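**Student:** Structure file structure-v7.txt (compact mmCIF, C-alpha atoms) is given on the next line.
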```txt
# COMPACT_ATOMS: atom_id res chain seq x y z
CA MET A 557 34.91 30.97 13.26
CA ARG A 558 34.07 27.35 14.05
CA ARG A 559 31.64 28.43 16.74
CA PHE A 560 30.02 30.84 14.30
CA LEU A 561 29.67 28.17 11.60
CA SER A 562 28.31 25.71 14.13
CA LYS A 563 25.51 28.11 15.00
CA LEU A 564 25.02 29.20 11.40
CA PHE A 565 24.51 25.68 10.07
CA GLY A 566 22.38 24.43 12.96
CA GLY A 567 24.43 21.78 14.66
CA GLY A 568 27.74 21.02 16.18
CA PRO A 569 29.52 19.65 19.19
CA GLN A 570 28.16 22.11 21.75
CA ASP A 571 25.04 21.92 23.88
CA GLY A 572 25.65 25.18 25.70
CA ILE A 573 27.07 23.42 28.77
CA ARG A 574 29.90 21.09 27.88
CA PRO A 575 33.25 22.03 26.35
CA PHE A 576 34.02 22.43 22.67
CA LYS A 577 36.50 19.81 21.41
CA LYS A 578 39.23 20.91 19.04
CA GLU A 579 39.12 17.56 17.22
CA ALA A 580 35.72 18.44 15.73
CA VAL A 581 35.86 19.32 12.04
CA PRO A 582 33.01 21.24 10.34
CA VAL A 583 31.23 19.09 7.78
CA TYR A 584 32.15 21.23 4.79
CA LEU A 585 35.85 20.85 5.74
CA THR A 586 35.69 17.06 6.17
CA SER A 587 37.71 16.01 3.14
CA GLU A 588 37.01 12.28 3.46
CA LEU A 589 33.29 12.86 2.97
CA ASN A 590 31.45 12.62 -0.32
CA TRP A 591 31.50 16.18 -1.68
CA LEU A 592 27.72 16.32 -2.06
CA VAL A 593 27.23 15.40 1.60
CA ARG A 594 29.55 18.18 2.68
CA PHE A 595 27.20 20.81 1.28
CA THR A 596 23.72 19.30 1.59
CA SER A 597 23.65 17.58 4.99
CA TYR A 598 22.93 20.87 6.74
CA ALA A 599 19.30 20.46 5.70
CA PHE A 600 18.81 17.28 7.72
CA PRO A 601 17.55 19.01 10.92
CA LEU A 602 14.69 20.51 8.89
CA VAL A 603 13.51 17.02 7.94
CA LEU A 604 14.56 15.07 11.04
CA PRO A 605 14.32 17.26 14.16
CA LEU A 606 15.96 14.69 16.41
CA SER A 607 17.80 17.29 18.47
CA SER A 608 14.49 18.42 19.93
CA MET A 609 14.44 15.21 21.96
CA THR A 610 17.48 16.33 23.94
CA GLU A 611 15.22 18.82 25.70
CA CYS A 612 13.25 15.87 27.11
CA PRO A 613 14.30 13.96 30.23
CA ALA A 614 16.41 10.89 29.42
CA VAL A 615 15.27 9.22 32.62
CA VAL A 616 11.61 9.57 33.63
CA GLU A 617 9.71 8.73 36.80
CA TRP A 618 7.00 6.84 34.93
CA GLU A 619 5.01 6.15 38.07
CA ASP A 620 4.41 9.90 38.32
CA ASP A 621 1.51 10.43 35.89
CA MET A 622 2.22 14.13 35.39
CA LYS A 623 5.91 13.63 34.66
CA ALA A 624 5.13 10.70 32.37
CA GLU A 625 2.63 12.75 30.38
CA GLU A 626 5.05 15.67 30.09
CA ALA A 627 7.82 13.37 28.87
CA LEU A 628 5.63 11.74 26.21
CA LEU A 629 4.44 15.13 24.96
CA CYS A 630 8.06 16.24 24.70
CA LEU A 631 9.04 13.13 22.70
CA GLU A 632 6.03 13.24 20.39
CA PRO A 633 7.12 15.85 17.78
CA ALA A 634 10.35 14.07 16.81
CA ARG A 635 8.68 10.67 16.73
CA LYS A 636 5.77 11.94 14.62
CA SER A 637 8.17 13.56 12.15
CA LEU A 638 9.52 10.10 11.31
CA VAL A 639 6.21 8.24 11.19
CA ARG A 640 5.13 10.15 8.09
CA PHE A 641 7.80 8.43 6.00
CA ASP A 642 6.09 5.06 6.46
CA SER A 643 3.23 6.19 4.21
CA TYR A 644 5.52 6.23 1.18
CA VAL A 645 5.89 2.45 0.91
CA LEU A 646 4.64 1.28 -2.46
CA PRO A 647 2.12 -1.59 -2.45
CA LEU A 648 4.67 -4.05 -3.77
CA PHE A 649 4.27 -6.48 -0.92
CA GLU A 650 1.68 -8.50 0.86
CA GLU A 651 1.64 -7.34 4.46
CA GLU A 652 0.67 -9.24 7.60
CA THR A 653 0.89 -7.94 11.16
CA ILE A 654 1.33 -10.44 13.96
CA SER A 655 1.23 -9.91 17.72
CA ILE A 656 3.52 -11.95 19.96
CA ALA A 657 2.75 -12.33 23.66
CA ARG A 658 5.59 -11.37 25.96
CA PRO A 659 6.47 -13.88 28.72
CA GLU A 660 6.20 -11.16 31.36
CA GLY A 661 2.83 -9.97 30.06
CA GLY A 662 1.95 -6.45 29.03
CA ASP A 663 1.36 -5.22 25.51
CA PRO A 664 2.24 -7.79 22.84
CA LEU A 665 5.17 -7.34 20.48
CA GLU A 666 4.17 -6.24 16.98
CA VAL A 667 5.99 -7.64 13.96
CA LYS A 668 5.09 -6.77 10.36
CA LEU A 669 5.69 -9.48 7.78
CA PHE A 670 6.19 -8.67 4.11
CA ARG A 671 6.27 -10.96 1.10
CA LYS A 672 6.38 -10.37 -2.61
CA GLN A 673 2.92 -9.87 -4.08
CA ASN A 674 1.28 -13.16 -5.09
CA SER A 675 4.18 -15.26 -3.82
CA PRO A 676 3.40 -18.36 -1.76
CA LYS A 677 3.98 -18.56 1.98
CA ASP A 678 6.96 -20.90 1.86
CA THR A 679 8.55 -22.25 5.04
CA LYS A 680 11.53 -23.40 2.92
CA ALA A 681 12.24 -19.82 1.81
CA PRO A 682 14.58 -17.34 3.54
CA LEU A 683 13.53 -15.39 6.61
CA ILE A 684 14.99 -11.91 7.11
CA LEU A 685 14.67 -10.23 10.49
CA TYR A 686 14.91 -6.44 10.19
CA LEU A 687 15.80 -4.31 13.23
CA HIS A 688 15.23 -0.65 12.47
CA ALA A 689 17.32 2.42 13.23
CA GLY A 690 16.47 5.21 15.64
CA GLY A 691 18.89 5.33 18.56
CA PHE A 692 16.59 2.97 20.51
CA THR A 693 14.31 6.01 21.05
CA VAL A 694 12.49 6.54 17.72
CA ARG A 695 11.37 4.45 14.74
CA ALA A 696 13.49 5.72 11.87
CA ALA A 697 11.32 4.95 8.84
CA PRO A 698 11.30 1.15 9.27
CA LEU A 699 8.90 0.53 6.38
CA PRO A 700 10.54 2.52 3.56
CA MET A 701 14.05 1.44 4.59
CA GLY A 702 12.94 -2.16 4.73
CA ALA A 703 11.06 -1.87 1.44
CA THR A 704 14.16 -0.46 -0.26
CA LEU A 705 16.38 -3.30 0.88
CA PHE A 706 13.84 -6.07 0.31
CA THR A 707 13.10 -4.78 -3.21
CA LYS A 708 16.80 -4.78 -4.07
CA LEU A 709 17.10 -8.38 -2.91
CA LEU A 710 14.04 -9.41 -4.93
CA ASN A 711 15.46 -7.71 -8.01
CA LEU A 712 18.58 -9.87 -7.80
CA ASP A 713 16.48 -12.96 -8.44
CA ASP A 714 16.17 -14.00 -12.06
CA GLU A 715 14.16 -16.68 -13.85
CA ASN A 716 16.70 -19.34 -12.87
CA THR A 717 17.35 -18.25 -9.29
CA ARG A 718 14.10 -17.77 -7.40
CA VAL A 719 15.81 -17.69 -4.03
CA MET A 720 13.67 -14.83 -2.72
CA GLU A 721 10.38 -16.26 -3.99
CA GLY A 722 8.27 -16.75 -0.88
CA ALA A 723 10.87 -15.06 1.36
CA THR A 724 9.58 -13.27 4.46
CA TRP A 725 10.85 -9.86 5.56
CA ALA A 726 10.00 -9.36 9.26
CA THR A 727 10.18 -5.85 10.73
CA VAL A 728 10.29 -5.83 14.53
CA TYR A 729 8.58 -2.99 16.39
CA TYR A 730 10.66 -3.36 19.52
CA ARG A 731 10.03 -1.27 22.63
CA LEU A 732 11.59 2.18 22.72
CA ALA A 733 13.46 4.15 25.38
CA PRO A 734 13.20 6.05 27.63
CA GLU A 735 9.93 4.23 28.36
CA ASN A 736 11.77 0.90 28.19
CA ILE A 737 15.47 0.69 29.01
CA TYR A 738 17.95 -2.04 28.07
CA PRO A 739 17.43 -4.98 27.60
CA ALA A 740 13.85 -4.36 26.40
CA ALA A 741 14.67 -3.89 22.69
CA ALA A 742 17.11 -6.79 22.69
CA GLU A 743 14.60 -9.09 24.37
CA ASP A 744 11.96 -8.15 21.79
CA SER A 745 14.36 -8.89 18.93
CA LEU A 746 15.14 -12.35 20.28
CA LEU A 747 11.48 -13.02 21.05
CA ALA A 748 10.51 -12.15 17.48
CA LEU A 749 13.18 -14.35 15.93
CA ASN A 750 12.34 -17.36 18.08
CA HIS A 751 8.60 -16.99 17.47
CA LEU A 752 9.02 -16.72 13.70
CA VAL A 753 11.29 -19.76 13.56
CA HIS A 754 9.96 -22.07 16.26
CA LYS A 755 6.27 -21.15 16.34
CA MET A 756 5.64 -20.22 12.70
CA GLY A 757 8.20 -22.52 11.12
CA LEU A 758 9.74 -19.81 8.92
CA GLY A 759 13.34 -19.68 7.74
CA GLY A 760 13.73 -23.16 6.31
CA GLY A 761 15.70 -21.61 3.45
CA GLY A 762 18.03 -19.67 5.70
CA ILE A 763 17.78 -17.12 8.52
CA HIS A 764 19.31 -13.69 8.17
CA VAL A 765 19.40 -10.65 10.46
CA ILE A 766 19.90 -7.05 9.42
CA GLY A 767 20.03 -3.95 11.59
CA ILE A 768 20.78 -0.31 10.90
CA SER A 769 22.32 2.03 13.50
CA ALA A 770 20.74 1.07 16.85
CA GLY A 771 19.25 -1.88 14.98
CA GLY A 772 22.79 -2.88 14.01
CA THR A 773 23.67 -3.14 17.68
CA LEU A 774 20.59 -5.30 18.21
CA ALA A 775 21.62 -7.46 15.24
CA MET A 776 24.96 -8.13 16.93
CA GLU A 777 23.38 -9.35 20.17
CA THR A 778 20.53 -11.20 18.48
CA THR A 779 22.97 -13.10 16.26
CA MET A 780 25.38 -13.91 19.09
CA LYS A 781 22.53 -15.35 21.17
CA SER A 782 21.12 -17.28 18.18
CA LEU A 783 24.21 -18.77 16.61
CA ASP A 784 22.40 -22.06 16.06
CA LEU A 785 19.87 -20.27 13.85
CA VAL A 786 21.47 -17.37 11.97
CA ASP A 787 23.22 -17.84 8.63
CA SER A 788 24.25 -14.23 7.98
CA PHE A 789 23.90 -10.84 9.60
CA VAL A 790 24.27 -7.30 8.32
CA VAL A 791 25.49 -4.74 10.84
CA ASP A 792 25.01 -1.33 9.25
CA GLU A 793 26.67 1.58 11.08
CA PRO A 794 25.91 0.25 14.57
CA MET A 795 25.49 2.37 17.69
CA VAL A 796 28.27 0.71 19.68
CA PRO A 797 29.63 2.27 22.89
CA LEU A 798 33.25 1.60 23.78
CA GLN A 799 34.70 0.69 27.13
CA THR A 800 36.05 3.52 29.26
CA LEU A 801 39.73 3.56 30.21
CA ASP A 802 39.11 1.75 33.48
CA GLY A 803 37.37 -1.04 31.55
CA ASN A 804 34.38 -1.05 33.90
CA LYS A 805 31.94 1.19 32.05
CA TRP A 806 30.83 2.17 28.55
CA SER A 807 30.38 5.46 26.73
CA MET A 808 29.83 6.77 23.20
CA ASP A 809 33.06 8.78 23.27
CA SER A 810 35.62 7.89 20.58
CA PRO A 811 37.91 9.70 18.11
CA SER A 812 35.25 9.48 15.37
CA PHE A 813 32.56 10.74 17.76
CA ARG A 814 34.69 13.82 18.42
CA ARG A 815 35.92 14.40 14.87
CA TYR A 816 32.45 14.19 13.32
CA SER A 817 30.61 16.11 16.04
CA TYR A 818 29.37 18.72 13.57
CA THR A 819 27.30 16.23 11.60
CA ASN A 820 23.59 16.93 11.22
CA GLN A 821 22.74 13.49 9.84
CA VAL A 822 22.83 12.04 13.35
CA PRO A 823 23.40 14.78 15.95
CA VAL A 824 25.89 13.79 18.63
CA THR A 825 23.80 15.53 21.29
CA TRP A 826 20.91 13.23 20.34
CA LEU A 827 23.15 10.14 20.31
CA ASP A 828 24.42 11.10 23.76
CA TRP A 829 20.84 11.61 25.00
CA SER A 830 19.63 8.35 23.43
CA PHE A 831 22.45 6.38 25.05
CA LYS A 832 21.48 7.77 28.45
CA ALA A 833 17.80 7.08 27.75
CA TYR A 834 18.40 3.43 26.74
CA THR A 835 20.79 2.72 29.61
CA GLY A 836 18.67 4.59 32.15
CA THR A 837 21.64 6.75 33.07
CA ALA A 838 20.57 9.82 35.03
CA ALA A 839 23.24 12.51 34.78
CA ALA A 840 22.72 16.03 36.05
CA PRO A 841 24.23 18.80 33.86
CA GLU A 842 26.48 19.97 36.67
CA ASP A 843 27.93 16.44 36.98
CA THR A 844 28.86 16.18 33.30
CA LYS A 845 29.81 19.77 32.46
CA ASP A 846 33.51 18.82 32.26
CA LEU A 847 32.88 15.82 30.00
CA CYS A 848 32.71 16.07 26.23
CA ILE A 849 29.42 15.10 24.62
CA GLY A 850 29.18 11.32 24.47
CA ALA A 851 31.57 10.73 27.37
CA THR A 852 28.92 10.17 30.04
CA PRO A 853 29.70 6.65 31.30
CA SER A 854 27.24 3.87 32.00
CA SER A 855 27.68 0.48 33.62
CA VAL A 856 25.11 -0.96 31.18
CA ASP A 857 26.50 -2.84 28.18
CA ILE A 858 23.87 -2.27 25.50
CA THR A 859 25.65 -4.71 23.17
CA GLY A 860 24.66 -7.60 25.44
CA GLY A 861 28.20 -8.95 25.52
CA SER A 862 28.64 -9.01 21.75
CA MET A 863 31.79 -6.87 22.08
CA ASN A 864 33.30 -9.68 24.13
CA VAL A 865 35.13 -12.38 22.14
CA SER A 866 34.67 -15.02 24.82
CA GLU A 867 30.87 -14.57 24.78
CA TRP A 868 30.77 -15.54 21.11
CA VAL A 869 33.19 -18.42 21.52
CA LYS A 870 31.38 -20.05 24.43
CA ARG A 871 28.05 -19.87 22.54
CA SER A 872 29.44 -21.38 19.35
CA THR A 873 28.81 -25.10 18.96
CA SER A 874 29.72 -25.20 15.28
CA VAL A 875 32.82 -24.67 13.19
CA SER A 876 30.90 -22.35 10.90
CA LEU A 877 30.04 -18.84 12.12
CA PRO A 878 27.41 -16.60 10.49
CA GLN A 879 28.67 -14.43 7.66
CA LEU A 880 29.10 -10.83 8.79
CA ILE A 881 28.52 -7.95 6.40
CA LEU A 882 29.63 -4.80 8.20
CA VAL A 883 29.00 -1.26 7.02
CA THR A 884 30.76 1.77 8.50
CA ALA A 885 30.93 5.32 7.21
CA LYS A 886 33.38 8.15 7.05
CA GLY A 887 31.78 11.23 8.56
CA ASP A 888 29.83 9.08 11.02
CA PRO A 889 30.37 9.66 14.77
CA LEU A 890 29.67 5.93 15.22
CA GLN A 891 32.39 4.76 12.82
CA ASP A 892 34.87 3.72 15.52
CA GLY A 893 32.28 1.58 17.27
CA GLY A 894 31.65 -0.34 14.06
CA LEU A 895 35.36 -0.82 13.43
CA ALA A 896 35.79 -2.05 17.00
CA PHE A 897 33.15 -4.71 16.35
CA LYS A 898 34.98 -5.75 13.19
CA ASN A 899 38.07 -6.35 15.31
CA VAL A 900 36.04 -8.38 17.82
CA TYR A 901 34.50 -10.60 15.16
CA GLU A 902 37.88 -11.16 13.50
CA GLN A 903 39.13 -12.47 16.84
CA VAL A 904 36.02 -14.64 17.18
CA VAL A 905 36.64 -16.22 13.77
CA GLN A 906 40.29 -16.87 14.65
CA ALA A 907 39.37 -18.36 18.03
CA ILE A 908 36.80 -20.72 16.51
CA GLU A 909 39.25 -21.82 13.85
CA ALA A 910 41.91 -22.44 16.49
CA LYS A 911 39.47 -24.66 18.39
CA ASN A 912 38.50 -26.62 15.29
CA SER A 913 41.31 -27.92 13.15
CA SER A 914 38.80 -28.84 10.44
CA ALA A 915 37.78 -25.20 9.97
CA THR A 916 38.62 -23.96 6.49
CA ASP A 917 36.96 -20.55 6.39
CA GLY A 918 40.26 -18.76 6.07
CA GLY A 919 39.78 -16.07 8.70
CA ASN A 920 38.43 -12.94 7.13
CA SER A 921 36.26 -14.80 4.59
CA ARG A 922 33.54 -14.65 7.25
CA ILE A 923 33.67 -10.85 7.23
CA LYS A 924 32.90 -8.44 4.41
CA HIS A 925 33.45 -4.79 5.30
CA PHE A 926 32.22 -1.74 3.39
CA ASP A 927 33.40 1.71 4.49
CA THR A 928 31.26 4.37 2.80
CA SER A 929 31.94 8.09 2.42
CA SER A 930 28.61 9.82 3.02
CA GLY A 931 28.11 9.98 6.77
CA HIS A 932 25.65 8.06 8.93
CA THR A 933 23.26 6.09 6.68
CA GLY A 934 24.09 8.52 3.86
CA LEU A 935 24.73 5.70 1.40
CA TYR A 936 20.94 5.27 1.05
CA LEU A 937 20.79 8.75 -0.49
CA TYR A 938 24.22 9.48 -1.89
CA GLU A 939 25.85 6.16 -2.86
CA PRO A 940 23.38 3.94 -4.76
CA GLY A 941 26.19 2.00 -6.40
CA VAL A 942 27.75 1.12 -3.04
CA LEU A 943 24.36 0.15 -1.64
CA HIS A 944 23.80 -2.12 -4.64
CA ASN A 945 27.16 -3.82 -4.03
CA ILE A 946 26.38 -4.36 -0.36
CA VAL A 947 23.00 -5.94 -1.11
CA LYS A 948 24.52 -8.00 -3.93
CA GLU A 949 27.15 -9.36 -1.53
CA TRP A 950 24.47 -10.20 1.01
CA TYR A 951 22.37 -11.92 -1.66
CA VAL A 952 25.28 -14.26 -2.42
CA HIS A 953 25.23 -15.51 1.17
CA ILE A 954 21.43 -15.70 1.28
CA ARG A 955 21.56 -17.84 -1.84
CA ARG A 956 24.29 -20.10 -0.44
CA ALA A 957 22.27 -20.70 2.71
CA TYR A 958 19.16 -21.40 0.62
CA GLU A 959 21.01 -23.99 -1.47
CA ARG A 960 22.54 -25.61 1.60
CA LYS A 961 19.29 -25.80 3.56
CA ASN A 962 17.31 -27.15 0.60
CA ASP A 963 20.14 -29.39 -0.60
CA ILE A 964 20.10 -28.00 -4.12
CA ASN A 965 22.55 -26.34 -6.48
CA ILE A 966 21.09 -23.55 -8.58
CA GLU A 967 22.66 -23.29 -12.02
CA GLN A 968 24.40 -20.01 -12.85
```
As structure tokens, please, write out the structure in this file.

**Tutor:**
Amino acid sequence: MRRFLSKLFGGGPQDGIRPFKKEAVPVYLTSELNWLVRFTSYAFPLVLPLSSMTECPAVVEWEDDMKAEEALLCLEPARKSLVRFDSYVLPLFEEETISIARPEGGDPLEVKLFRKQNSPKDTKAPLILYLHAGGFTVRAAPLPMGATLFTKLLNLDDENTRVMEGATWATVYYRLAPENIYPAAAEDSLLALNHLVHKMGLGGGGIHVIGISAGGTLAMETTMKSLDLVDSFVVDEPMVPLQTLDGNKWSMDSPSFRRYSYTNQVPVTWLDWSFKAYTGTAAAPEDTKDLCIGATPSSVDITGGSMNVSEWVKRSTSVSLPQLILVTAKGDPLQDGGLAFKNVYEQVVQAIEAKNSSATDGGNSRIKHFDTSSGHTGLYLYEPGVLHNIVKEWYVHIRRAYERKNDINIEQ
């Protein structure tokens, strides 16, 4: 029956080669999910045909012109299906596109800057670096997602608290895989942040990083490697691989990856393919036929060390760590990866406090965790109240940083 329903509803934990896992629960039987999600998420493949990318090679011989052209043609339909969403951004913002030269040469990095209409360009206002979703292989509607979040932050300002007046929202168009494997996207994220701060002088009123899905993973590394700059970071349902049992490699396999394998919101076959594409892991079907989907190991740590407590501790020169706002979701194959990062950052906070007797953060006050109930990124459609609470929490920390950096105290 499960096999029948998997085929009937267009998704599931099988790719025709690897074994079916008994832990997988059909979406409509997943009791912890929002009831609306359980009966509407089957339509997602019609809107977002991400699974079509799994027919493309994850590792390409780019020096072979014919193979390169074939690969790009294979990737094009899924990527184009997402680009159309960017046309729905309302003209609420002033937009500026900048190009940043890469140290190694090649095409420059594109970053789109958004500000509230008719607001001044203020170097003492907050800077928000946005790292979009898309499994490192597509651009998952960076403009409408960014517009939604930026608008909600702007709406939290009132006549007495113009914290977001003049704020800059910077969307990074980092390089995608399989054309560019790790650490390309991470390097672009860091390059963008450093250019915006050190070359353009932005972020005088606080620097904040937000990433969704794959962008959440980039937000983790970008923040860890910029602890002297970042005031808060939002890690929203990150694509975090976990260490294999031998501790030497990484894979996407986890209990949540297996349990939620039927989801259509973010197909596990596509996540598995994207992980291989970003790590440059070439795996022949006959070599992985006995592994469950997501269990293909890689020696590449796409988190850049941000799942390692000691990496954070050795980079910290201050008692105060950036505020973490973490979002995970029931029904999301990536849930366990996000929870694992929560555990890592809790240990980081404890280690920093142990090193500094003057620390008074009180442990978990540096972490705010929201666990939603609508699958991967489903809160943007199904849980507007939860999304409002997340943004409201983030705004509190943006405001605190703004007051601290400008040495003011805004009246309530």

**Student:** Find, counting all atoms listed in the file, the residue in A:Phe813, A:Phe649, A:Trp829, A:Trp725 that gets nearest to Ile766 of chain A.

**Tutor:**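 Of all the options, A:Trp725 lies closest to Ile766 of chain A.
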
**Student:** Which residue, A:Tyr958, A:Tyr738, A:Tyr951, A:Trp591, has the smallest gap to Leu712 of chain A when you use all atoms listed in the file?

**Tutor:** A:Tyr951

**Student:** Rank A:Leu606, A:Tyr818, A:Thr884, A:Ile654 by their smallest atom-to-atom distance to Met756 of chain A, using all atoms listed in the file, and report the top residue only.

**Tutor:**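 For Met756 of chain A, the nearest of the given residues is A:Ile654.
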
**Student:** Give me, please, the distance in Å between atom CA of Pro940 of chain A and atom CA of Leu882 of chain A, quoted to one decimal.

**Tutor:**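 Separation between atom CA of Pro940 of chain A and atom CA of Leu882 of chain A: 16.8 Å.
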
**Student:** Show me, as an MDAnalysis selection string, the residues that have an atom within 9 Å of Tyr936 of chain A when counting all atoms listed in the file, minus same-chain residues fewer than 4 positions from it.

**Tutor:** chainID A and resid 701 704 940 942:943

**Student:** How far is it from atom CA of Leu604 of chain A to atom CA of Leu631 of chain A, in Å with one decimal?

**Tutor:**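 We find that atom CA of Leu604 of chain A and atom CA of Leu631 of chain A lie 13.0 Å from each other.
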
**Student:** Excluding Arg955 of chain A and residues on its chain fewer than 5 positions from it, collect all residues at most 10 Å away from it, counting only C-alpha atoms, and give them as a list of chain:residue names.

**Tutor:** A:Pro682, A:Asp713, A:Thr717, A:Arg718, A:Val719, A:Met720, A:Gly761, A:Gly762, A:Trp950, A:Arg960, A:Lys961, A:Asn965, A:Ile966

**Student:** Which is closest to Phe789 of chain A among A:Trp868, A:Tyr686, A:Tyr816, A:Tyr729, if we use all atoms listed in the file?

**Tutor:** A:Tyr686

**Student:** Quote the spacing between atom CA of Tyr598 of chain A and atom CA of Gly887 of chain A in Å to one decimal place.

**Tutor:**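 A separation of 13.2 Å between them.
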
**Student:** Can you build me a table of segment 793-827 of chain A residues sitting at most 10 Å from segment 861-867 of chain A, with the closest atom pair per residue and its distance in Å to one decimal, using all atoms listed in the file, sorted by chain and residue number, as CSV?

**Tutor:**
```
residue,atom,partner,partner_atom,distance
A:Val796,CA,A:Met863,CA,8.7
A:Pro797,CA,A:Met863,CA,9.4
A:Leu798,CA,A:Met863,CA,8.8
A:Gln799,CA,A:Met863,CA,9.5
```

**Student:** My list of candidates is A:Leu937, A:Val786, A:Leu687, A:Met609. Which is closest to Ser830 of chain A when distances are computed with all atoms listed in the file?

**Tutor:**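 The answer is A:Met609, which sits nearest to Ser830 of chain A.
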
**Student:** What's around Gly931 of chain A at 7 Å? Count all atoms listed in the file, leave out sequence neighbours fewer than 3 positions away in its own chain, and write the answer as a list in words.

**Tutor:** Ala885, Lys886, Gly887, Asp888 and Gly934 of chain A

**Student:** Just checking: using all atoms listed in the file, which residue out of A:Thr825, A:Asn912, A:Ser769, A:Ser854 ends up closest to Phe692 of chain A?

**Tutor:**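 Of all the options, A:Ser769 lies closest to Phe692 of chain A.
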
**Student:** Within 12 Å of (11.9, -25.3, 11.8), in the coordinates the file gives, what residues turn up when you count only C-alpha atoms, written out as a compact mmCIF listing (two decimals) with C-alpha atoms, in the frame of the given file?

**Tutor:**
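Full text of result01.txt as output:
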```txt
# COMPACT_ATOMS: atom_id res chain seq x y z
CA ASP A 678 6.96 -20.90 1.86
CA THR A 679 8.55 -22.25 5.04
CA LYS A 680 11.53 -23.40 2.92
CA ALA A 681 12.24 -19.82 1.81
CA PRO A 682 14.58 -17.34 3.54
CA LEU A 683 13.53 -15.39 6.61
CA LEU A 749 13.18 -14.35 15.93
CA ASN A 750 12.34 -17.36 18.08
CA HIS A 751 8.60 -16.99 17.47
CA LEU A 752 9.02 -16.72 13.70
CA VAL A 753 11.29 -19.76 13.56
CA HIS A 754 9.96 -22.07 16.26
CA LYS A 755 6.27 -21.15 16.34
CA MET A 756 5.64 -20.22 12.70
CA GLY A 757 8.20 -22.52 11.12
CA LEU A 758 9.74 -19.81 8.92
CA GLY A 759 13.34 -19.68 7.74
CA GLY A 760 13.73 -23.16 6.31
CA GLY A 761 15.70 -21.61 3.45
CA GLY A 762 18.03 -19.67 5.70
CA ILE A 763 17.78 -17.12 8.52
CA ASP A 784 22.40 -22.06 16.06
CA LEU A 785 19.87 -20.27 13.85
CA LYS A 961 19.29 -25.80 3.56
```

**Student:** List every residue of segment 650-697 of chain A that has an atom at most 9 Å from any atom of segment 731-737 of chain A, giving for each one its closest atom pair and the distance in Å to one decimal, counting all atoms listed in the file, sorted by chain and then by ascending residue number, as JSON lines.

**Tutor:**
```
{"residue": "A:Leu665", "atom": "CA", "partner": "A:Arg731", "partner_atom": "CA", "distance": 8.1}
{"residue": "A:Gly691", "atom": "CA", "partner": "A:Ala733", "partner_atom": "CA", "distance": 8.8}
{"residue": "A:Phe692", "atom": "CA", "partner": "A:Leu732", "partner_atom": "CA", "distance": 5.5}
{"residue": "A:Thr693", "atom": "CA", "partner": "A:Ala733", "partner_atom": "CA", "distance": 4.8}
{"residue": "A:Val694", "atom": "CA", "partner": "A:Leu732", "partner_atom": "CA", "distance": 6.7}
{"residue": "A:Arg695", "atom": "CA", "partner": "A:Leu732", "partner_atom": "CA", "distance": 8.3}
```

**Student:** For Leu746 of chain A, find every residue with an atom within 9 Å (counting all atoms listed in the file), except residues of its own chain fewer than 3 positions away, and show them as a ChimeraX atom specification.

**Tutor:** /A:741-743,749-751,777-779,781-782

**Student:** Quick one: residues within 9 Å of Val869 of chain A, all atoms listed in the file counted, chain neighbours fewer than 4 positions away excluded, as a ChimeraX atom specification?

**Tutor:** /A:865,873,904-905,907-908
